[in-house]
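The structure under discussion appears below in the form of structure tokens.
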Amino acid sequence: MNKKLINILGMKKFIQWVFFSLVVLSLTASWWVFKDLLFPYVTSKAFFFRICIELALPLYIYLLLENKQLRPNWKNPLHIAVMAFLVVNIISSFSGVDVIRSLWGNFERMGGAFYLGHLTLLYFYVVSLGQMPGSYFQKFLKLFLAVSAVVAVNGLFGWMHLPMLIQDPSLPSRVSSTLGNPIYLGSFALIPMFISIFFALQSEHIASKLGYYVLAFVFFLAGFLSGTRGALVGLLVGSFLSAVVYLILCKNKQIKIIGFGVVVVALVGAGLMFNYSSKLPVGSVARRVFTLNDSNSQARILQWQVALKGYKDRPLLGTGPENYYIVANQYYNPEIFKYDRSWFDKPHNYIIEILVTNGILGLIPYLLMLGFCVVGLYKGLRAQILSLAEFSILLAGLIAYQIQNLTVFDNVSSSLTFYVFLGFVGYVYQISSQDNSRDKKKEKNLSSLGALPAVAGGVAVVVVLYVVYAANFAPMSAAKNINYGFAYASVNPEKALEYFDYMANLPFNFDKTESANRYADFANIAVRNIATKDQALAVNILDKAISFAESTVEAQGKYSITWQRLGGLYIMKNVNDPKAESAAKKAIELAPSREEPYMNLVQIRASQGKYPEAEKILLDLQKTFPTDFVLKTQQAVLYRMQSKLPEAVAIMEKAFADGYGFASYGDVSWMAEYYINSKQLDKALVLQERAVKIDSNNVEVYVGLARTYALKGDFEKARSIVASIQTTDPELRENLKKFLDSFPK
């Protein structure tokens, strides 16, 4: 073999190794949490994963051109279904209601067609690893399990109060490990658990077999401790259905008889558990799994009804990926408020989400993907690549993941595991169908394309480097500056403004809606805290927040929350500005059945002196949302504006009796003052003592409480409270001393 040939083969092996390393590195996305970023448990993972997949792309292009045996075989229908799902997502993005969000997603979810493109590349990368000479594919799957195990073990360590790589925000009640949400961990653990069992079944050595079973148990335990009902139900249903399939295909009659007997017992047991779920221990996992009439389930069912109602508007291609919020806001059912007060951007059912956001044309290729997965596994069984037990375990993993997706939505980490599984099945399908005669010819894998592979790979490097910067580092910078700006909002408004200014001028920030909403929140904080100290700075912050929000609704004007925040900014600057009312009405138009968009209109009508009209809006909302005490507090504010203090107090007393809990002393200090002025000192004391527990760091609470005790004649109690007040404010200390000296000796 001449030196030139040796050099070529050596370079190819090196490129294959680097490609393999980048694909494996992408799997570690589930580990990373960069606290500097906004929504760090999501953005960190998505940006890291995308960068790894993008950096691997030039190498993939080179390898495909250099070695035709690595190219996808388009006779494989799973390849076509995966590509078709991506293509429909892209088409739907441009035909939908918010192209930017459909293509790029947002910081909170990091989905969209662009992200799906990376998952699709991961699928083909995995298949190509299976087609490479050597043991790349098996090493990849084992490293996939190892990487996933780090997440599971980290969660278990947190549960056992042992050292952790990353602190778990869901402890002590549930476990989420590095994923930030226990639901995500429940989804994430399913696929690695079943692949671990698959390796255990394949292993010929007792030690390694036992090791894989232990690993599977670790994944099961992590998912169980996450307390995720959908994942547990998926595990039960997937295992049950695959067991039935195993028994149908099994040729051993004795196993069939015993097995179907167990199946009948399991069905009866499950039926009894559902029927008597109310008898199960409150808060137990068993009760969560077998109870379907709890508030969480009711909210999900109502949300699915909303989704299906909205689907009729765009049945073919839907609203576009990540645009479910359009339907959720337009067709919002106020009954959901009883169970969940969130603004929904997901229907918590991935199949319904695909139907609504990509239409029936998007759902068909996704269902075909699942169907061809089953066919691929069965072909592997028929070709004796998989044993019946291995086939059944992999089928159980597929079913379990899809069942749990009926109650949640795909996230960065779990979707990564699912596309690894798809790639695994795609490879099984391919080797089960291919004609091996070509391999027997021992073709030389040298390319006949000359310099084309190297040139194409080089061009791809340039393009990819630009994409890495523009689509990842630039929005990462935006996410970081938003996070820092909001963190400094209360302590250093000038510094916070610098961060928000920098964010506003970045060349590519794909989530301007979240950016505008955070900017508006910052402006709210700044105007409240510094308006009297630095009027010019407050006005500057307000003007810049308004300008950014205006540019946002001009580009992405379908988001009710942004219109609502913009209206609030207009009100702060000039409540009589016609733009304030226009923004309020636009927010109502986009979310006509939610209460929040109406609140700006209440403020505007009150400022115009149209109190009856403002009160009518509040009373109508109270009929629709009878459990929302905030509406009663707003009505009390309206009465206070009209100097109707007795009426305002009466409403608040009714709210307290119904269970309302105020958030700070500032919310009720006026009420305490009313009680004091009307000589109802006992009522004032009850309110202030309650405020001490809720707002314990507020000096005003203790000052007011001491004053009330002094007015009641309990000077010793008043002195004790004043002595306990901790403050570094010299002026306040002097006032407290004078206050203390005013008590009788």
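Going through the structure tokens in order, the chains are called A, B, and so on, while each chain numbers its residues from 1 and the ligands are numbered from 1 in the order shown.
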
- Task: Determine which residues of stretch 158-367 of chain A DSSP labels as helix (DSSP H, G or I) from the backbone of this structure, then write them out as number ranges by chain.
- Result: A: 158-159, 182-202, 206-225, 229-249, 253-275, 277-279, 285-290, 295-311, 324-330, 334-338, 350-367

- Tell me, as an MDAnalysis selection string, which residues lie within 7 Å of A:Leu377, counting only C-alpha atoms; anything in the same chain fewer than 4 positions away does not count. chainID A and resid 373 381 391 425 428:429

Which residues of stretch 373-468 of chain A come within 12 Å of stretch 86-110 of chain A, and what is each one's closest atom pair and distance in Å (one decimal), counting only C-alpha atoms, sorted by chain and residue number, as a Markdown table?
| residue | atom | partner | partner_atom | distance |
| --- | --- | --- | --- | --- |
| A:Phe409 | CA | A:Arg109 | CA | 10.0 |
| A:Asp410 | CA | A:Arg109 | CA | 9.3 |
| A:Asn411 | CA | A:Arg109 | CA | 7.1 |
| A:Val412 | CA | A:Met110 | CA | 7.4 |
| A:Ser413 | CA | A:Met110 | CA | 11.0 |
| A:Ser415 | CA | A:Met110 | CA | 11.6 |

Same residues, C-alpha atoms, saved as a short mmCIF file (atom, residue, chain, number, x, y, z; two decimals), in the first residue's frame:
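Result saved to selection.cif:
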data_model
loop_
_atom_site.label_atom_id
_atom_site.label_comp_id
_atom_site.auth_asym_id
_atom_site.auth_seq_id
_atom_site.Cartn_x
_atom_site.Cartn_y
_atom_site.Cartn_z
CA PHE A 409 -44.44 18.12 25.51
CA ASP A 410 -41.04 17.35 24.05
CA ASN A 411 -38.10 19.17 25.66
CA VAL A 412 -34.45 19.54 24.69
CA SER A 413 -33.07 16.61 26.68
CA SER A 415 -36.14 14.82 22.39
#

- Message: Just to confirm, what's the straight-line distance from atom CA of A:Asn154 to atom CA of A:Leu179 in Å (one decimal)?
- Response: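 Interatomic distance here is 10.5 Å.
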
- Write out as a PyMOL selection string which residues come within 10 Å of A:Val244 when counting only C-alpha atoms, dropping same-chain ones fewer than 2 positions away. chain A and resi 238-242+246-250+256+259-260+263+392

Please produce an output containing all heavy atoms for each residue in the selection, written as a short mmCIF file (atom, residue, chain, number, x, y, z; two decimals), in the first residue's frame.
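After the write, result25.cif holds the following:
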data_model
loop_
_atom_site.label_atom_id
_atom_site.label_comp_id
_atom_site.auth_asym_id
_atom_site.auth_seq_id
_atom_site.Cartn_x
_atom_site.Cartn_y
_atom_site.Cartn_z
N GLY A 238 -46.47 0.81 28.17
CA GLY A 238 -45.50 0.30 27.20
C GLY A 238 -45.06 -1.11 27.53
O GLY A 238 -44.98 -1.99 26.66
N SER A 239 -44.78 -1.35 28.81
CA SER A 239 -44.36 -2.68 29.25
C SER A 239 -45.48 -3.70 29.05
O SER A 239 -45.24 -4.83 28.60
CB SER A 239 -43.93 -2.65 30.71
OG SER A 239 -42.86 -1.75 30.90
N PHE A 240 -46.70 -3.29 29.38
CA PHE A 240 -47.85 -4.19 29.25
C PHE A 240 -48.09 -4.57 27.78
O PHE A 240 -48.20 -5.76 27.45
CB PHE A 240 -49.09 -3.53 29.83
CG PHE A 240 -50.35 -4.32 29.65
CD1 PHE A 240 -50.64 -5.38 30.48
CD2 PHE A 240 -51.23 -4.02 28.62
CE1 PHE A 240 -51.79 -6.13 30.31
CE2 PHE A 240 -52.39 -4.76 28.44
CZ PHE A 240 -52.67 -5.82 29.28
N LEU A 241 -48.14 -3.57 26.90
CA LEU A 241 -48.44 -3.85 25.49
C LEU A 241 -47.33 -4.67 24.84
O LEU A 241 -47.60 -5.58 24.04
CB LEU A 241 -48.66 -2.54 24.73
CG LEU A 241 -49.91 -1.75 25.11
CD1 LEU A 241 -49.99 -0.46 24.31
CD2 LEU A 241 -51.17 -2.59 24.88
N SER A 242 -46.08 -4.34 25.16
CA SER A 242 -44.98 -5.10 24.56
C SER A 242 -44.97 -6.53 25.11
O SER A 242 -44.59 -7.47 24.39
CB SER A 242 -43.64 -4.42 24.83
OG SER A 242 -43.34 -4.42 26.21
N TYR A 246 -45.08 -9.85 22.92
CA TYR A 246 -44.12 -10.95 23.15
C TYR A 246 -44.84 -12.29 23.26
O TYR A 246 -44.43 -13.29 22.66
CB TYR A 246 -43.32 -10.67 24.43
CG TYR A 246 -42.35 -11.77 24.79
CD1 TYR A 246 -41.05 -11.77 24.30
CD2 TYR A 246 -42.74 -12.82 25.63
CE1 TYR A 246 -40.16 -12.78 24.63
CE2 TYR A 246 -41.87 -13.84 25.96
CZ TYR A 246 -40.57 -13.81 25.45
OH TYR A 246 -39.70 -14.82 25.76
N LEU A 247 -45.92 -12.30 24.03
CA LEU A 247 -46.67 -13.55 24.23
C LEU A 247 -47.33 -14.02 22.94
O LEU A 247 -47.40 -15.23 22.67
CB LEU A 247 -47.72 -13.35 25.32
CG LEU A 247 -47.15 -13.14 26.73
CD1 LEU A 247 -48.26 -12.76 27.70
CD2 LEU A 247 -46.41 -14.38 27.22
N ILE A 248 -47.81 -13.08 22.13
CA ILE A 248 -48.43 -13.46 20.85
C ILE A 248 -47.41 -14.10 19.92
O ILE A 248 -47.69 -15.11 19.24
CB ILE A 248 -49.07 -12.23 20.18
CG1 ILE A 248 -50.29 -11.75 20.99
CG2 ILE A 248 -49.47 -12.53 18.74
CD1 ILE A 248 -50.86 -10.43 20.52
N LEU A 249 -46.20 -13.54 19.90
CA LEU A 249 -45.17 -14.04 18.99
C LEU A 249 -44.39 -15.22 19.55
O LEU A 249 -43.71 -15.93 18.80
CB LEU A 249 -44.20 -12.91 18.64
CG LEU A 249 -44.80 -11.70 17.90
CD1 LEU A 249 -43.73 -10.63 17.68
CD2 LEU A 249 -45.39 -12.13 16.56
N CYS A 250 -44.48 -15.41 20.85
CA CYS A 250 -43.72 -16.50 21.50
C CYS A 250 -44.28 -17.86 21.05
O CYS A 250 -45.50 -18.06 20.99
CB CYS A 250 -43.80 -16.35 23.01
SG CYS A 250 -42.91 -17.64 23.89
N LYS A 256 -46.80 -18.87 27.10
CA LYS A 256 -48.01 -18.14 26.69
C LYS A 256 -49.11 -18.25 27.73
O LYS A 256 -49.74 -17.27 28.11
CB LYS A 256 -48.52 -18.67 25.35
CG LYS A 256 -47.81 -18.12 24.14
CD LYS A 256 -48.56 -18.48 22.87
CE LYS A 256 -47.92 -17.80 21.67
NZ LYS A 256 -48.70 -17.98 20.43
N GLY A 259 -48.04 -16.44 30.88
CA GLY A 259 -47.94 -15.02 30.58
C GLY A 259 -49.30 -14.34 30.46
O GLY A 259 -49.53 -13.27 31.03
N PHE A 260 -50.21 -14.96 29.73
CA PHE A 260 -51.53 -14.35 29.58
C PHE A 260 -52.31 -14.38 30.91
O PHE A 260 -53.14 -13.51 31.17
CB PHE A 260 -52.33 -15.05 28.47
CG PHE A 260 -51.99 -14.57 27.10
CD1 PHE A 260 -51.41 -15.43 26.16
CD2 PHE A 260 -52.24 -13.26 26.73
CE1 PHE A 260 -51.09 -14.98 24.89
CE2 PHE A 260 -51.92 -12.80 25.46
CZ PHE A 260 -51.34 -13.65 24.54
N VAL A 263 -51.10 -11.35 32.54
CA VAL A 263 -51.70 -10.20 31.88
C VAL A 263 -53.11 -9.93 32.42
O VAL A 263 -53.47 -8.79 32.73
CB VAL A 263 -51.74 -10.40 30.35
CG1 VAL A 263 -52.68 -9.38 29.69
CG2 VAL A 263 -50.35 -10.28 29.77
N SER A 392 -39.09 -6.86 21.88
CA SER A 392 -40.16 -6.45 22.78
C SER A 392 -39.72 -5.31 23.69
O SER A 392 -40.50 -4.39 23.95
CB SER A 392 -40.62 -7.65 23.62
OG SER A 392 -41.09 -8.69 22.79
#

Write out as a PDB file with N, CA and C atoms, in the first residue's frame each polymer residue whose atoms come within 10 Å of A:Tyr366, counting only C-alpha atoms; drop sequence neighbours fewer than 2 positions from it.
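Output contents, as saved in part_7.pdb:
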ATOM      1  N   ALA A  81     -39.611   9.441   6.299  1.00  0.00           N
ATOM      2  CA  ALA A  81     -40.580   9.990   7.253  1.00  0.00           C
ATOM      3  C   ALA A  81     -39.935  11.058   8.133  1.00  0.00           C
ATOM      4  N   VAL A  82     -38.702  10.800   8.582  1.00  0.00           N
ATOM      5  CA  VAL A  82     -37.989  11.778   9.420  1.00  0.00           C
ATOM      6  C   VAL A  82     -37.759  13.071   8.637  1.00  0.00           C
ATOM      7  N   MET A  83     -37.320  12.942   7.385  1.00  0.00           N
ATOM      8  CA  MET A  83     -37.092  14.126   6.553  1.00  0.00           C
ATOM      9  C   MET A  83     -38.405  14.844   6.235  1.00  0.00           C
ATOM     10  N   ALA A  84     -39.451  14.065   5.974  1.00  0.00           N
ATOM     11  CA  ALA A  84     -40.756  14.664   5.648  1.00  0.00           C
ATOM     12  C   ALA A  84     -41.290  15.474   6.815  1.00  0.00           C
ATOM     13  N   PHE A  85     -41.102  14.975   8.028  1.00  0.00           N
ATOM     14  CA  PHE A  85     -41.554  15.708   9.210  1.00  0.00           C
ATOM     15  C   PHE A  85     -40.835  17.049   9.313  1.00  0.00           C
ATOM     16  N   LEU A  86     -39.535  17.061   9.047  1.00  0.00           N
ATOM     17  CA  LEU A  86     -38.775  18.315   9.066  1.00  0.00           C
ATOM     18  C   LEU A  86     -39.250  19.254   7.967  1.00  0.00           C
ATOM     19  N   ILE A 351     -48.817  14.976  20.540  1.00  0.00           N
ATOM     20  CA  ILE A 351     -49.535  14.627  19.312  1.00  0.00           C
ATOM     21  C   ILE A 351     -50.507  15.747  18.935  1.00  0.00           C
ATOM     22  N   ILE A 354     -48.556  18.779  17.621  1.00  0.00           N
ATOM     23  CA  ILE A 354     -48.179  18.644  16.213  1.00  0.00           C
ATOM     24  C   ILE A 354     -49.382  18.917  15.321  1.00  0.00           C
ATOM     25  N   LEU A 355     -50.534  18.371  15.685  1.00  0.00           N
ATOM     26  CA  LEU A 355     -51.747  18.552  14.883  1.00  0.00           C
ATOM     27  C   LEU A 355     -52.106  20.031  14.765  1.00  0.00           C
ATOM     28  N   ILE A 360     -52.636  18.531   9.843  1.00  0.00           N
ATOM     29  CA  ILE A 360     -52.706  17.097   9.547  1.00  0.00           C
ATOM     30  C   ILE A 360     -51.541  16.673   8.655  1.00  0.00           C
ATOM     31  N   LEU A 361     -51.032  17.607   7.823  1.00  0.00           N
ATOM     32  CA  LEU A 361     -49.896  17.285   6.960  1.00  0.00           C
ATOM     33  C   LEU A 361     -48.611  17.103   7.755  1.00  0.00           C
ATOM     34  N   GLY A 362     -48.560  17.678   8.952  1.00  0.00           N
ATOM     35  CA  GLY A 362     -47.410  17.472   9.819  1.00  0.00           C
ATOM     36  C   GLY A 362     -47.556  16.244  10.681  1.00  0.00           C
ATOM     37  N   LEU A 363     -48.783  15.950  11.094  1.00  0.00           N
ATOM     38  CA  LEU A 363     -49.004  14.793  11.955  1.00  0.00           C
ATOM     39  C   LEU A 363     -48.773  13.481  11.206  1.00  0.00           C
ATOM     40  N   ILE A 364     -49.135  13.437   9.923  1.00  0.00           N
ATOM     41  CA  ILE A 364     -49.006  12.190   9.158  1.00  0.00           C
ATOM     42  C   ILE A 364     -47.562  11.683   9.134  1.00  0.00           C
ATOM     43  N   LEU A 368     -46.119   8.289  10.777  1.00  0.00           N
ATOM     44  CA  LEU A 368     -45.394   7.340   9.920  1.00  0.00           C
ATOM     45  C   LEU A 368     -44.029   7.001  10.522  1.00  0.00           C
ATOM     46  N   MET A 369     -43.374   8.004  11.111  1.00  0.00           N
ATOM     47  CA  MET A 369     -42.113   7.746  11.808  1.00  0.00           C
ATOM     48  C   MET A 369     -42.295   6.646  12.850  1.00  0.00           C
ATOM     49  N   LEU A 370     -43.341   6.780  13.651  1.00  0.00           N
ATOM     50  CA  LEU A 370     -43.596   5.797  14.697  1.00  0.00           C
ATOM     51  C   LEU A 370     -43.942   4.437  14.090  1.00  0.00           C
ATOM     52  N   GLY A 371     -44.761   4.457  13.036  1.00  0.00           N
ATOM     53  CA  GLY A 371     -45.138   3.208  12.380  1.00  0.00           C
ATOM     54  C   GLY A 371     -43.941   2.503  11.788  1.00  0.00           C
ATOM     55  N   PHE A 372     -43.070   3.257  11.125  1.00  0.00           N
ATOM     56  CA  PHE A 372     -41.888   2.636  10.519  1.00  0.00           C
ATOM     57  C   PHE A 372     -40.880   2.194  11.582  1.00  0.00           C
TER      58      PHE A 372
END

Given only C-alpha atoms, how would the per-residue table for stretch 536-628 of chain A near stretch 469-492 of chain A read, listing every residue at most 12 Å away with its closest atom pair and distance in Å to one decimal, sorted by chain and number, as CSV?
residue,atom,partner,partner_atom,distance
A:Leu537,CA,A:Asn492,CA,11.5
A:Ala538,CA,A:Ala489,CA,11.7
A:Ile541,CA,A:Ala489,CA,10.7

Go ahead and dump the residues you just picked, all heavy atoms, as a tab-separated table (two decimals), in the first residue's frame.
chain	number	residue	atom	x	y	z
A	537	LEU	N	-33.44	59.41	34.72
A	537	LEU	CA	-33.09	58.01	34.46
A	537	LEU	C	-34.35	57.17	34.29
A	537	LEU	O	-34.43	56.33	33.40
A	537	LEU	CB	-32.24	57.46	35.61
A	537	LEU	CG	-31.85	55.98	35.50
A	537	LEU	CD1	-31.05	55.72	34.24
A	537	LEU	CD2	-31.08	55.54	36.75
A	538	ALA	N	-35.34	57.40	35.15
A	538	ALA	CA	-36.59	56.64	35.06
A	538	ALA	C	-37.27	56.86	33.71
A	538	ALA	O	-37.75	55.90	33.08
A	538	ALA	CB	-37.53	57.04	36.20
A	541	ILE	N	-35.27	55.03	30.92
A	541	ILE	CA	-35.53	53.59	30.94
A	541	ILE	C	-36.90	53.29	30.34
A	541	ILE	O	-37.06	52.38	29.52
A	541	ILE	CB	-35.43	53.04	32.38
A	541	ILE	CG1	-33.99	53.10	32.87
A	541	ILE	CG2	-35.96	51.61	32.45
A	541	ILE	CD1	-33.83	52.76	34.34

- Task: Have a look at A:Arg71, A:Gly234, A:Leu566, A:Ser433 and name the one nearest to A:Gln384; count only C-alpha atoms.
- Result: A:Ser433

- Task: Name all residues at most 9 Å from A:Gly230 (count only C-alpha atoms; drop same-chain ones fewer than 5 positions away) and give them as a ChimeraX atom specification.
- Result: /A:183,186-187,235,289,403-408

Residues as selected, N, CA and C atoms, written as a compact mmCIF listing (two decimals), in the first residue's frame, can you do that?
# COMPACT_ATOMS: atom_id res chain seq x y z
N ILE A 183 -40.61 16.77 35.37
CA ILE A 183 -41.27 16.16 34.21
C ILE A 183 -40.25 15.83 33.13
N GLY A 186 -38.42 12.63 34.06
CA GLY A 186 -39.26 11.46 33.82
C GLY A 186 -39.25 11.05 32.36
N SER A 187 -39.35 12.04 31.46
CA SER A 187 -39.32 11.76 30.02
C SER A 187 -37.94 11.27 29.59
N LEU A 235 -44.52 3.97 31.15
CA LEU A 235 -43.74 2.78 31.47
C LEU A 235 -44.65 1.56 31.66
N VAL A 289 -50.65 8.08 39.80
CA VAL A 289 -50.72 7.32 38.56
C VAL A 289 -52.16 6.92 38.23
N ILE A 403 -46.51 7.32 24.95
CA ILE A 403 -47.61 7.43 25.90
C ILE A 403 -47.38 8.61 26.83
N GLN A 404 -46.17 8.75 27.35
CA GLN A 404 -45.91 9.87 28.25
C GLN A 404 -46.00 11.21 27.51
N ASN A 405 -45.73 11.18 26.20
CA ASN A 405 -45.84 12.42 25.42
C ASN A 405 -47.29 12.85 25.23
N LEU A 406 -48.24 12.00 25.58
CA LEU A 406 -49.65 12.38 25.48
C LEU A 406 -50.08 13.31 26.61
N THR A 407 -49.22 13.47 27.61
CA THR A 407 -49.56 14.35 28.73
C THR A 407 -48.56 15.47 28.94
N VAL A 408 -47.49 15.50 28.15
CA VAL A 408 -46.48 16.55 28.29
C VAL A 408 -46.11 17.07 26.89

- Note on the structure: Min atom-atom distance to A:Asp294 from the set A:Asp620, A:Glu66, A:Glu595, A:Asp340, counting only C-alpha atoms, belongs to A:Asp340

- Message: With only C-alpha atoms as the counted atoms, please give the residues lying no more than 10 Å from A:Ile352, apart from itself and same-chain residues fewer than 4 positions off, as a ChimeraX atom specification.
- Response: /A:304-305,307-308,311,346-348,356-359,363,405-407,409

Can you spit out the residues from that selection as a CSV table (one decimal), in the first residue's frame, using N, CA and C atoms?
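Saved as selection_20.csv:
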chain,number,residue,atom,x,y,z
A,304,TRP,N,-56.7,20.4,26.1
A,304,TRP,CA,-56.8,19.6,24.8
A,304,TRP,C,-58.1,20.1,24.0
A,305,GLN,N,-59.2,20.3,24.8
A,305,GLN,CA,-60.4,20.8,24.1
A,305,GLN,C,-60.2,22.1,23.4
A,307,ALA,N,-57.3,23.2,22.3
A,307,ALA,CA,-56.4,23.0,21.1
A,307,ALA,C,-57.2,22.4,19.9
A,308,LEU,N,-58.1,21.5,20.2
A,308,LEU,CA,-58.8,20.9,19.1
A,308,LEU,C,-59.8,21.9,18.5
A,311,TYR,N,-57.7,24.0,16.2
A,311,TYR,CA,-57.1,23.3,15.1
A,311,TYR,C,-58.0,23.5,13.8
A,346,LYS,N,-48.1,25.5,25.3
A,346,LYS,CA,-48.1,24.1,24.9
A,346,LYS,C,-49.4,23.5,25.4
A,347,PRO,N,-50.0,22.5,24.6
A,347,PRO,CA,-51.2,21.9,25.1
A,347,PRO,C,-50.9,20.7,26.0
A,348,HIS,N,-49.7,20.4,26.3
A,348,HIS,CA,-49.3,19.3,27.2
A,348,HIS,C,-49.8,18.0,26.6
A,356,VAL,N,-52.0,20.8,15.9
A,356,VAL,CA,-52.4,22.2,15.9
A,356,VAL,C,-51.4,23.1,15.2
A,357,THR,N,-50.1,22.8,15.5
A,357,THR,CA,-49.0,23.7,15.0
A,357,THR,C,-48.5,23.3,13.6
A,358,ASN,N,-48.7,22.0,13.2
A,358,ASN,CA,-48.2,21.6,11.8
A,358,ASN,C,-49.4,21.1,11.0
A,359,GLY,N,-50.6,21.0,11.5
A,359,GLY,CA,-51.7,20.5,10.8
A,359,GLY,C,-51.7,19.0,10.5
A,363,LEU,N,-48.8,15.9,11.1
A,363,LEU,CA,-49.0,14.8,12.0
A,363,LEU,C,-48.8,13.5,11.2
A,405,ASN,N,-45.7,11.2,26.2
A,405,ASN,CA,-45.8,12.4,25.4
A,405,ASN,C,-47.3,12.9,25.2
A,406,LEU,N,-48.2,12.0,25.6
A,406,LEU,CA,-49.7,12.4,25.5
A,406,LEU,C,-50.1,13.3,26.6
A,407,THR,N,-49.2,13.5,27.6
A,407,THR,CA,-49.6,14.4,28.7
A,407,THR,C,-48.6,15.5,28.9
A,409,PHE,N,-44.9,17.7,26.8
A,409,PHE,CA,-44.4,18.1,25.5
A,409,PHE,C,-43.0,17.8,25.4

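The space separating atom CA of A:Leu638 from atom CA of A:Lys679 comes to 23.9 Å.
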